[in-house]
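**Student:** Structure file query.pdb (PDB, C-alpha atoms) is given on the next line.
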```
ATOM      1  CA  GLY A 526     -18.472   5.849  98.469
ATOM      2  CA  ALA A 527     -19.363   9.521  98.552
ATOM      3  CA  TRP A 528     -21.090  11.154 101.507
ATOM      4  CA  LEU A 529     -23.301  14.172 101.982
ATOM      5  CA  ASP A 530     -20.812  16.141 104.055
ATOM      6  CA  GLY A 531     -18.185  16.237 101.295
ATOM      7  CA  GLU A 532     -15.996  13.345 102.487
ATOM      8  CA  ALA A 533     -15.966  11.730  99.051
ATOM      9  CA  VAL A 534     -13.953   9.587  96.692
ATOM     10  CA  GLN A 535     -15.954  10.601  93.639
ATOM     11  CA  PRO A 536     -17.724  13.785  92.539
ATOM     12  CA  THR A 537     -21.118  14.602  94.039
ATOM     13  CA  ALA A 538     -23.444  17.552  93.592
ATOM     14  CA  ARG A 539     -22.124  18.943  96.866
ATOM     15  CA  ASN A 540     -18.482  19.206  95.751
ATOM     16  CA  SER A 541     -18.854  19.793  91.981
ATOM     17  CA  ASP A 542     -20.099  22.434  89.584
ATOM     18  CA  PRO A 543     -23.829  22.035  88.835
ATOM     19  CA  PHE A 544     -23.150  21.876  85.092
ATOM     20  CA  ALA A 545     -20.001  21.016  83.167
ATOM     21  CA  VAL A 546     -19.181  20.033  79.581
ATOM     22  CA  TYR A 547     -15.828  18.724  78.394
ATOM     23  CA  PHE A 548     -14.574  17.976  74.883
ATOM     24  CA  ASN A 549     -11.254  16.554  73.784
ATOM     25  CA  GLY A 550     -10.039  15.717  70.308
ATOM     26  CA  GLY A 551      -6.839  14.207  69.059
ATOM     27  CA  SER A 552      -5.088  12.368  66.296
ATOM     28  CA  HIS A 553      -6.347   9.178  64.683
ATOM     29  CA  GLY A 554      -9.960  10.303  64.975
ATOM     30  CA  GLN A 555     -10.032  10.578  68.752
ATOM     31  CA  LEU A 556     -13.065  12.360  70.205
ATOM     32  CA  ILE A 557     -13.964  12.397  73.897
ATOM     33  CA  ALA A 558     -17.010  14.183  75.292
ATOM     34  CA  ARG A 559     -18.347  14.376  78.830
ATOM     35  CA  GLY A 560     -21.289  16.168  80.355
ATOM     36  CA  THR A 561     -22.279  16.506  84.008
ATOM     37  CA  ILE A 562     -25.373  17.944  85.629
ATOM     38  CA  GLY A 563     -26.182  17.996  89.319
ATOM     39  CA  ASP A 564     -28.156  19.795  91.983
ATOM     40  CA  VAL A 565     -28.453  20.094  95.735
ATOM     41  CA  PHE A 566     -32.229  19.983  95.966
ATOM     42  CA  ASN A 567     -32.363  20.743  99.674
ATOM     43  CA  ARG A 568     -30.436  20.076 102.878
ATOM     44  CA  ASN A 569     -31.258  16.376 102.718
ATOM     45  CA  LEU A 570     -31.142  15.480  99.019
ATOM     46  CA  ASP A 571     -28.680  15.899  96.131
ATOM     47  CA  GLY A 572     -27.975  14.174  92.835
ATOM     48  CA  LEU A 573     -25.365  14.117  90.077
ATOM     49  CA  VAL A 574     -25.366  12.490  86.624
ATOM     50  CA  THR A 575     -22.412  12.229  84.221
ATOM     51  CA  PHE A 576     -22.454  10.966  80.626
ATOM     52  CA  ASP A 577     -19.324  10.320  78.616
ATOM     53  CA  THR A 578     -18.390   8.902  75.242
ATOM     54  CA  LYS A 579     -15.200   8.114  73.386
ATOM     55  CA  ARG A 580     -14.615   7.359  69.713
ATOM     56  CA  TRP A 581     -11.227   6.493  68.255
ATOM     57  CA  ASP A 582     -10.105   5.182  64.883
ATOM     58  CA  GLY A 583      -6.781   3.989  66.293
ATOM     59  CA  TYR A 584      -3.274   4.349  64.905
ATOM     60  CA  ARG A 585      -3.255   0.799  63.490
ATOM     61  CA  ASP A 586      -5.578  -1.290  61.380
ATOM     62  CA  HIS A 587      -8.327  -3.056  63.323
ATOM     63  CA  ASN A 588      -7.874  -0.659  66.247
ATOM     64  CA  GLU A 589     -11.196   1.197  66.498
ATOM     65  CA  GLN A 590     -12.928   1.886  69.795
ATOM     66  CA  THR A 591     -16.356   3.158  70.786
ATOM     67  CA  ARG A 592     -17.096   3.620  74.468
ATOM     68  CA  GLY A 593     -19.964   5.122  76.428
ATOM     69  CA  GLY A 594     -20.751   5.517  80.092
ATOM     70  CA  LEU A 595     -23.348   6.812  82.516
ATOM     71  CA  TYR A 596     -22.540   7.487  86.160
ATOM     72  CA  ALA A 597     -25.024   8.751  88.735
ATOM     73  CA  ASN A 598     -25.265   9.115  92.474
ATOM     74  CA  LEU A 599     -28.032  10.276  94.787
ATOM     75  CA  GLY A 600     -27.388  11.434  98.339
ATOM     76  CA  TRP A 601     -30.028  11.359 101.058
ATOM     77  CA  ARG A 602     -29.788  12.546 104.650
ATOM     78  CA  ALA A 603     -32.349  10.371 106.411
ATOM     79  CA  SER A 604     -31.746  12.076 109.762
ATOM     80  CA  ASP A 605     -29.150  14.098 111.598
ATOM     81  CA  ARG A 606     -27.369  10.832 112.386
ATOM     82  CA  THR A 607     -27.854   8.841 109.186
ATOM     83  CA  GLN A 608     -26.810   9.643 105.635
ATOM     84  CA  SER A 609     -26.907   7.449 102.559
ATOM     85  CA  ARG A 610     -25.715   7.525  98.977
ATOM     86  CA  PHE A 611     -26.923   5.422  96.047
ATOM     87  CA  PHE A 612     -24.778   4.777  92.985
ATOM     88  CA  LEU A 613     -25.597   3.688  89.435
ATOM     89  CA  SER A 614     -23.157   3.136  86.579
ATOM     90  CA  TYR A 615     -23.399   1.684  83.093
ATOM     91  CA  VAL A 616     -20.438   1.217  80.745
ATOM     92  CA  THR A 617     -20.358  -0.183  77.224
ATOM     93  CA  ASN A 618     -17.128  -0.699  75.293
ATOM     94  CA  ASP A 619     -16.708  -1.977  71.728
ATOM     95  CA  GLU A 620     -13.023  -2.215  70.892
ATOM     96  CA  ALA A 621     -11.078  -3.911  68.105
ATOM     97  CA  LEU A 622      -7.654  -5.265  69.045
ATOM     98  CA  PRO A 623      -4.852  -5.256  66.426
ATOM     99  CA  GLY A 624      -2.655  -7.849  68.123
ATOM    100  CA  TYR A 625       1.110  -7.953  68.367
ATOM    101  CA  LEU A 626       3.613  -7.520  65.533
ATOM    102  CA  THR A 627       6.947  -9.197  64.935
ATOM    103  CA  ARG A 628      10.018  -7.035  64.480
ATOM    104  CA  ASP A 629       9.915  -7.606  60.718
ATOM    105  CA  GLN A 630       6.228  -6.712  60.529
ATOM    106  CA  LEU A 631       6.816  -3.582  62.575
ATOM    107  CA  ASP A 632       9.669  -2.464  60.332
ATOM    108  CA  ALA A 633       7.629  -3.137  57.198
ATOM    109  CA  ASN A 634       4.402  -1.401  58.290
ATOM    110  CA  PRO A 635       3.900  -0.320  61.916
ATOM    111  CA  SER A 636       0.222   0.527  61.338
ATOM    112  CA  GLN A 637      -0.791  -2.940  60.207
ATOM    113  CA  ALA A 638      -2.643  -5.402  62.402
ATOM    114  CA  ASN A 639      -1.542  -8.916  63.124
ATOM    115  CA  PRO A 640      -3.169 -11.043  60.388
ATOM    116  CA  ALA A 641      -4.648 -13.335  63.050
ATOM    117  CA  ALA A 642      -6.334 -10.329  64.676
ATOM    118  CA  MET A 643      -8.111  -9.649  61.398
ATOM    119  CA  THR A 644      -9.214 -13.222  60.626
ATOM    120  CA  GLY A 645     -10.157 -13.874  64.262
ATOM    121  CA  ASN A 646     -11.761 -10.447  64.719
ATOM    122  CA  PHE A 647      -9.904  -9.837  67.988
ATOM    123  CA  GLY A 648     -11.776  -7.474  70.246
ATOM    124  CA  LEU A 649     -12.821  -6.460  73.736
ATOM    125  CA  ASN A 650     -16.560  -5.889  74.046
ATOM    126  CA  VAL A 651     -17.876  -5.240  77.529
ATOM    127  CA  ASP A 652     -21.249  -4.184  78.918
ATOM    128  CA  SER A 653     -21.458  -3.568  82.656
ATOM    129  CA  LEU A 654     -24.289  -2.359  84.902
ATOM    130  CA  ARG A 655     -23.686  -1.702  88.599
ATOM    131  CA  VAL A 656     -25.840  -0.404  91.451
ATOM    132  CA  ALA A 657     -24.649   0.186  94.991
ATOM    133  CA  ASN A 658     -25.483   1.895  98.256
ATOM    134  CA  ARG A 659     -23.471   3.035 101.225
ATOM    135  CA  THR A 660     -25.086   4.283 104.426
ATOM    136  CA  ALA A 661     -23.560   5.586 107.642
ATOM    137  CA  THR A 662     -25.152   6.105 111.042
ATOM    138  CA  GLN A 663     -23.398   8.095 113.765
ATOM    139  CA  LEU A 664     -24.131   6.199 116.975
ATOM    140  CA  ASP A 665     -22.503   8.740 119.277
ATOM    141  CA  ALA A 666     -19.631  11.227 119.265
ATOM    142  CA  MET A 667     -17.056   8.425 119.187
ATOM    143  CA  SER A 668     -18.572   5.652 117.075
ATOM    144  CA  ARG A 669     -20.408   5.019 113.836
ATOM    145  CA  ILE A 670     -21.689   2.112 111.792
ATOM    146  CA  GLU A 671     -21.510   1.859 107.987
ATOM    147  CA  TYR A 672     -23.388  -0.609 105.817
ATOM    148  CA  GLY A 673     -24.192  -1.072 102.166
ATOM    149  CA  PHE A 674     -24.626  -3.367  99.205
ATOM    150  CA  TYR A 675     -23.620  -3.713  95.558
ATOM    151  CA  ALA A 676     -24.855  -5.658  92.542
ATOM    152  CA  GLU A 677     -23.246  -5.897  89.112
ATOM    153  CA  ALA A 678     -24.090  -7.634  85.847
ATOM    154  CA  GLN A 679     -21.440  -7.847  83.129
ATOM    155  CA  THR A 680     -21.067  -9.434  79.710
ATOM    156  CA  LEU A 681     -17.667  -9.921  78.093
ATOM    157  CA  TYR A 682     -16.955 -10.951  74.482
ATOM    158  CA  HIS A 683     -13.204 -11.212  73.955
ATOM    159  CA  PRO A 684     -11.737 -13.203  71.030
ATOM    160  CA  ILE A 685      -7.930 -13.183  71.374
ATOM    161  CA  VAL A 686      -6.438 -16.224  69.596
ATOM    162  CA  ASP A 687      -6.883 -17.434  66.004
ATOM    163  CA  VAL A 688      -4.611 -20.078  64.480
ATOM    164  CA  ARG A 689      -5.205 -21.071  60.850
ATOM    165  CA  VAL A 690      -3.484 -23.597  58.597
ATOM    166  CA  ASP A 691      -3.533 -23.731  54.799
ATOM    167  CA  LEU A 692      -4.341 -27.404  54.373
ATOM    168  CA  ASP A 693      -4.213 -27.481  50.576
ATOM    169  CA  GLY A 694      -0.929 -25.599  50.166
ATOM    170  CA  THR A 695      -1.069 -23.537  46.981
ATOM    171  CA  GLY A 696      -4.621 -24.713  46.232
ATOM    172  CA  PRO A 697      -7.668 -22.467  46.066
ATOM    173  CA  GLY A 698      -8.973 -23.295  49.545
ATOM    174  CA  ALA A 699      -8.778 -20.690  52.290
ATOM    175  CA  PRO A 700      -6.805 -21.427  55.472
ATOM    176  CA  VAL A 701      -8.821 -23.339  58.052
ATOM    177  CA  GLN A 702      -8.985 -22.403  61.710
ATOM    178  CA  VAL A 703      -7.443 -25.158  63.823
ATOM    179  CA  PHE A 704      -7.390 -23.350  67.157
ATOM    180  CA  GLY A 705      -9.094 -20.307  68.633
ATOM    181  CA  LEU A 706      -9.658 -18.756  72.025
ATOM    182  CA  LEU A 707     -12.815 -16.810  72.809
ATOM    183  CA  ILE A 708     -13.742 -15.492  76.242
ATOM    184  CA  ASP A 709     -17.528 -15.149  76.118
ATOM    185  CA  THR A 710     -18.968 -14.743  79.607
ATOM    186  CA  GLU A 711     -21.894 -13.364  81.526
ATOM    187  CA  HIS A 712     -21.603 -12.963  85.250
ATOM    188  CA  ARG A 713     -23.394 -11.351  88.155
ATOM    189  CA  ASP A 714     -21.939 -10.258  91.469
ATOM    190  CA  ILE A 715     -23.755  -9.238  94.635
ATOM    191  CA  GLY A 716     -22.420  -8.334  98.029
ATOM    192  CA  GLY A 717     -22.809  -6.377 101.196
ATOM    193  CA  THR A 718     -20.640  -4.738 103.846
ATOM    194  CA  LEU A 719     -20.985  -3.898 107.515
ATOM    195  CA  ARG A 720     -18.388  -1.920 109.454
ATOM    196  CA  TYR A 721     -18.248  -0.534 112.969
ATOM    197  CA  THR A 722     -15.722   2.200 113.814
ATOM    198  CA  ARG A 723     -14.824   3.391 117.305
ATOM    199  CA  GLN A 724     -12.527   6.342 117.878
ATOM    200  CA  MET A 725      -9.994   5.624 120.605
ATOM    201  CA  GLY A 726      -7.855   8.663 121.214
ATOM    202  CA  ALA A 727      -5.664   9.279 118.160
ATOM    203  CA  HIS A 728      -6.600   5.900 116.667
ATOM    204  CA  ASN A 729      -9.666   4.110 115.334
ATOM    205  CA  ALA A 730     -10.735   0.560 116.081
ATOM    206  CA  VAL A 731     -12.588  -0.999 113.156
ATOM    207  CA  LEU A 732     -14.583  -4.216 112.972
ATOM    208  CA  GLY A 733     -16.055  -5.194 109.641
ATOM    209  CA  LEU A 734     -17.835  -7.927 107.716
ATOM    210  CA  HIS A 735     -18.099  -8.431 103.983
ATOM    211  CA  TYR A 736     -20.136 -10.890 101.940
ATOM    212  CA  GLY A 737     -19.882 -11.392  98.208
ATOM    213  CA  ARG A 738     -21.169 -13.933  95.694
ATOM    214  CA  GLY A 739     -20.692 -14.230  91.975
ATOM    215  CA  ASP A 740     -22.009 -16.508  89.251
TER     216      ASP A 740
END
```
Here is the file; what I need is its structure written in the form of structure tokens.
**Tutor:**
Amino acid sequence: GAWLDGEAVQPTARNSDPFAVYFNGGSHGQLIARGTIGDVFNRNLDGLVTFDTKRWDGYRDHNEQTRGGLYANLGWRASDRTQSRFFLSYVTNDEALPGYLTRDQLDANPSQANPAAMTGNFGLNVDSLRVANRTATQLDAMSRIEYGFYAEAQTLYHPIVDVRVDLDGTGPGAPVQVFGLLIDTEHRDIGGTLRYTRQMGAHNAVLGLHYGRGD
């Protein structure tokens, strides 16, 4: 997590510029854009929000990608001993997968997709929403307690195998799918953590508990 005093593993309004914009472009239609805005409202409250997007045509057929994300955190100093940070993130990814090529296919046309990737519409489509909190209370000069929770909901649509057989040989009928593999899931995860830390000279003694459940 990220804390009010700057001890952080991700950007916060207290260790980042209040406004930033980033653009990146490249070959094969690549465009990446990111914008961040944040503010330290007062001694006890700060917030930061980042939006990003990526679009890419890909260097092979059936290789396009569109991705978007929102990341936010809000820091709150409840007292001189207790500080808390809330996190929110949302990511959506719509990506076509071209599949593997044989050596002969690669030599003939390296930009082509595996024919099965086209007929089976191979892809990786993910939507994920996550909220979390991490709070720390300084009990005394030598010890503190940290606690928090997280919850995530995610959907995954991921077709990756398509096997077709031409049952009528040279006849007019199209090949028929005889086997396919599609990962199509929705799951939710929740959990919580509790950790006690005691400084003992040059070392720390830590006792922690974690609970998690998914369905």
**Student:** List the neighbours of Leu707 (chain A) out to 9 Å using only C-alpha atoms; skip same-chain residues closer than 5 positions along the sequence, and give me the result as a list in words.
**Tutor:**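 The neighbour list is Phe647, Tyr682, His683, Pro684, Ile685 and Val686 of chain A.
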**Student:** Residues picked by the PyMOL selection byres ((chain A and resi 711) around 8) here, as a VMD selection string?
**Tutor:** chain A and resid 678 to 681 709 to 710 712 to 713
**Student:** Rank nothing, just name the residue among A:Asn569, A:Asn634, A:Asn540, A:Gln590 nearest to Ile557 (chain A), using only C-alpha atoms.
**Tutor:**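 Among the listed residues, A:Gln590 lies closest to Ile557 (chain A).
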**Student:** CA of Thr662 (chain A) and CA of Gly600 (chain A), how far apart in Å?
**Tutor:**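 For CA of Gly600 (chain A) relative to CA of Thr662 (chain A), the distance reads 14.0 Å.
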**Student:** Care to translate the PyMOL selection byres ((chain A and resi 616) around 12) into actual residues of this file, as a ChimeraX atom specification?
**Tutor:** /A:575-579,591-597,613-615,617-619,650-655,677-681
**Student:** Just how far from CA of Tyr736 (chain A) is CA of Asp571 (chain A), in Å to one decimal?
**Tutor:** 28.7 Å
**Student:** Under the rule that only C-alpha atoms are counted, which of A:Asp740, A:Arg669, A:Gln555, A:Pro623 is the nearest residue to Tyr721 (chain A)?
**Tutor:**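 Among A:Asp740, A:Arg669, A:Gln555, A:Pro623, it is A:Arg669 that comes nearest to Tyr721 (chain A).
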**Student:** Excluding same-chain residues fewer than 4 positions from Ala603 (chain A), what lies within 12 Å of it counting all atoms listed in the file, as a PyMOL selection string?
**Tutor:** chain A and resi 529+568-570+607-610+660-663
**Student:** Kindly save the residues from that selection, with C-alpha atoms included, as a PDB file, keeping the file's coordinate frame.
**Tutor:**
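The result, stored in selection02.pdb:
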```pdb
ATOM      1  CA  LEU A 529     -23.301  14.172 101.982  1.00  0.00           C
ATOM      2  CA  ARG A 568     -30.436  20.076 102.878  1.00  0.00           C
ATOM      3  CA  ASN A 569     -31.258  16.376 102.718  1.00  0.00           C
ATOM      4  CA  LEU A 570     -31.142  15.480  99.019  1.00  0.00           C
ATOM      5  CA  THR A 607     -27.854   8.841 109.186  1.00  0.00           C
ATOM      6  CA  GLN A 608     -26.810   9.643 105.635  1.00  0.00           C
ATOM      7  CA  SER A 609     -26.907   7.449 102.559  1.00  0.00           C
ATOM      8  CA  ARG A 610     -25.715   7.525  98.977  1.00  0.00           C
ATOM      9  CA  THR A 660     -25.086   4.283 104.426  1.00  0.00           C
ATOM     10  CA  ALA A 661     -23.560   5.586 107.642  1.00  0.00           C
ATOM     11  CA  THR A 662     -25.152   6.105 111.042  1.00  0.00           C
ATOM     12  CA  GLN A 663     -23.398   8.095 113.765  1.00  0.00           C
TER      13      GLN A 663
END
```
**Student:** Using Å and a single decimal, report how far CA of Asp582 (chain A) sits from CA of Ala558 (chain A).
**Tutor:**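 Computing the Euclidean distance for CA of Ala558 (chain A) and CA of Asp582 (chain A) yields 15.4 Å.
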**Student:** Quick one: residues within 9 Å of Gly733 (chain A), all atoms listed in the file counted, chain neighbours fewer than 2 positions away excluded, as a list in words?
**Tutor:**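 Selected residues are Thr718, Leu719, Arg720, Tyr721, Thr722, Val731 and His735 of chain A.
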**Student:** Need the shell around Ala538 (chain A): protein/DNA/RNA residues with any atom at most 9 Å away, counting all atoms listed in the file. Skip same-chain ones fewer than 5 positions apart. Format as a PDB file with C-alpha atoms, in the frame of the given file?
**Tutor:**
```
ATOM      1  CA  PRO A 543     -23.829  22.035  88.835  1.00  0.00           C
ATOM      2  CA  ILE A 562     -25.373  17.944  85.629  1.00  0.00           C
ATOM      3  CA  GLY A 563     -26.182  17.996  89.319  1.00  0.00           C
ATOM      4  CA  ASP A 564     -28.156  19.795  91.983  1.00  0.00           C
ATOM      5  CA  VAL A 565     -28.453  20.094  95.735  1.00  0.00           C
ATOM      6  CA  ASP A 571     -28.680  15.899  96.131  1.00  0.00           C
ATOM      7  CA  GLY A 572     -27.975  14.174  92.835  1.00  0.00           C
ATOM      8  CA  LEU A 573     -25.365  14.117  90.077  1.00  0.00           C
ATOM      9  CA  VAL A 574     -25.366  12.490  86.624  1.00  0.00           C
ATOM     10  CA  ASN A 598     -25.265   9.115  92.474  1.00  0.00           C
ATOM     11  CA  LEU A 599     -28.032  10.276  94.787  1.00  0.00           C
ATOM     12  CA  GLY A 600     -27.388  11.434  98.339  1.00  0.00           C
TER      13      GLY A 600
END
```
**Student:** Report as a PyMOL selection string the residues that result from applying the PyMOL selection byres ((chain A and resi 554) around 9) to the structure here.
**Tutor:** chain A and resi 550-553+555-556+580-584
**Student:** Residues at most 6 Å from Val656 (chain A), counting only C-alpha atoms, excluding those fewer than 2 positions away in the same chain, as a list of chain:residue names?
**Tutor:**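 My list of contacting residues is A:Phe612, A:Leu613, A:Tyr675, A:Ala676.
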**Student:** Nearest residue to His728 (chain A) out of A:Met667, A:Glu589, A:Leu649, A:Leu626, using only C-alpha atoms?
**Tutor:**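 Residue with the minimum atom-to-atom distance to His728 (chain A): A:Met667.
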**Student:** Each residue of region 560-667 of chain A lying at most 12 Å from region 688-706 of chain A should get a row with its shortest atom-to-atom pair and the distance in Å to one decimal, counting all atoms listed in the file; could you produce that, ordered by chain and increasing number, as CSV?
**Tutor:**
```
residue,atom,partner,partner_atom,distance
A:Asn639,CA,A:Val688,CA,11.7
A:Pro640,CA,A:Val688,CA,10.0
A:Ala641,CA,A:Val688,CA,6.9
A:Ala642,CA,A:Val688,CA,9.9
A:Met643,CA,A:Val688,CA,11.4
A:Thr644,CA,A:Arg689,CA,8.8
A:Gly645,CA,A:Gly705,CA,7.8
A:Asn646,CA,A:Gly705,CA,10.9
A:Phe647,CA,A:Leu706,CA,9.8
A:Gly648,CA,A:Leu706,CA,11.6
```
**Student:** Nearest residue to Asn729 (chain A) out of A:Ile708, A:Gly560, A:Ser668, A:Tyr547, using all atoms listed in the file?
**Tutor:** A:Ser668
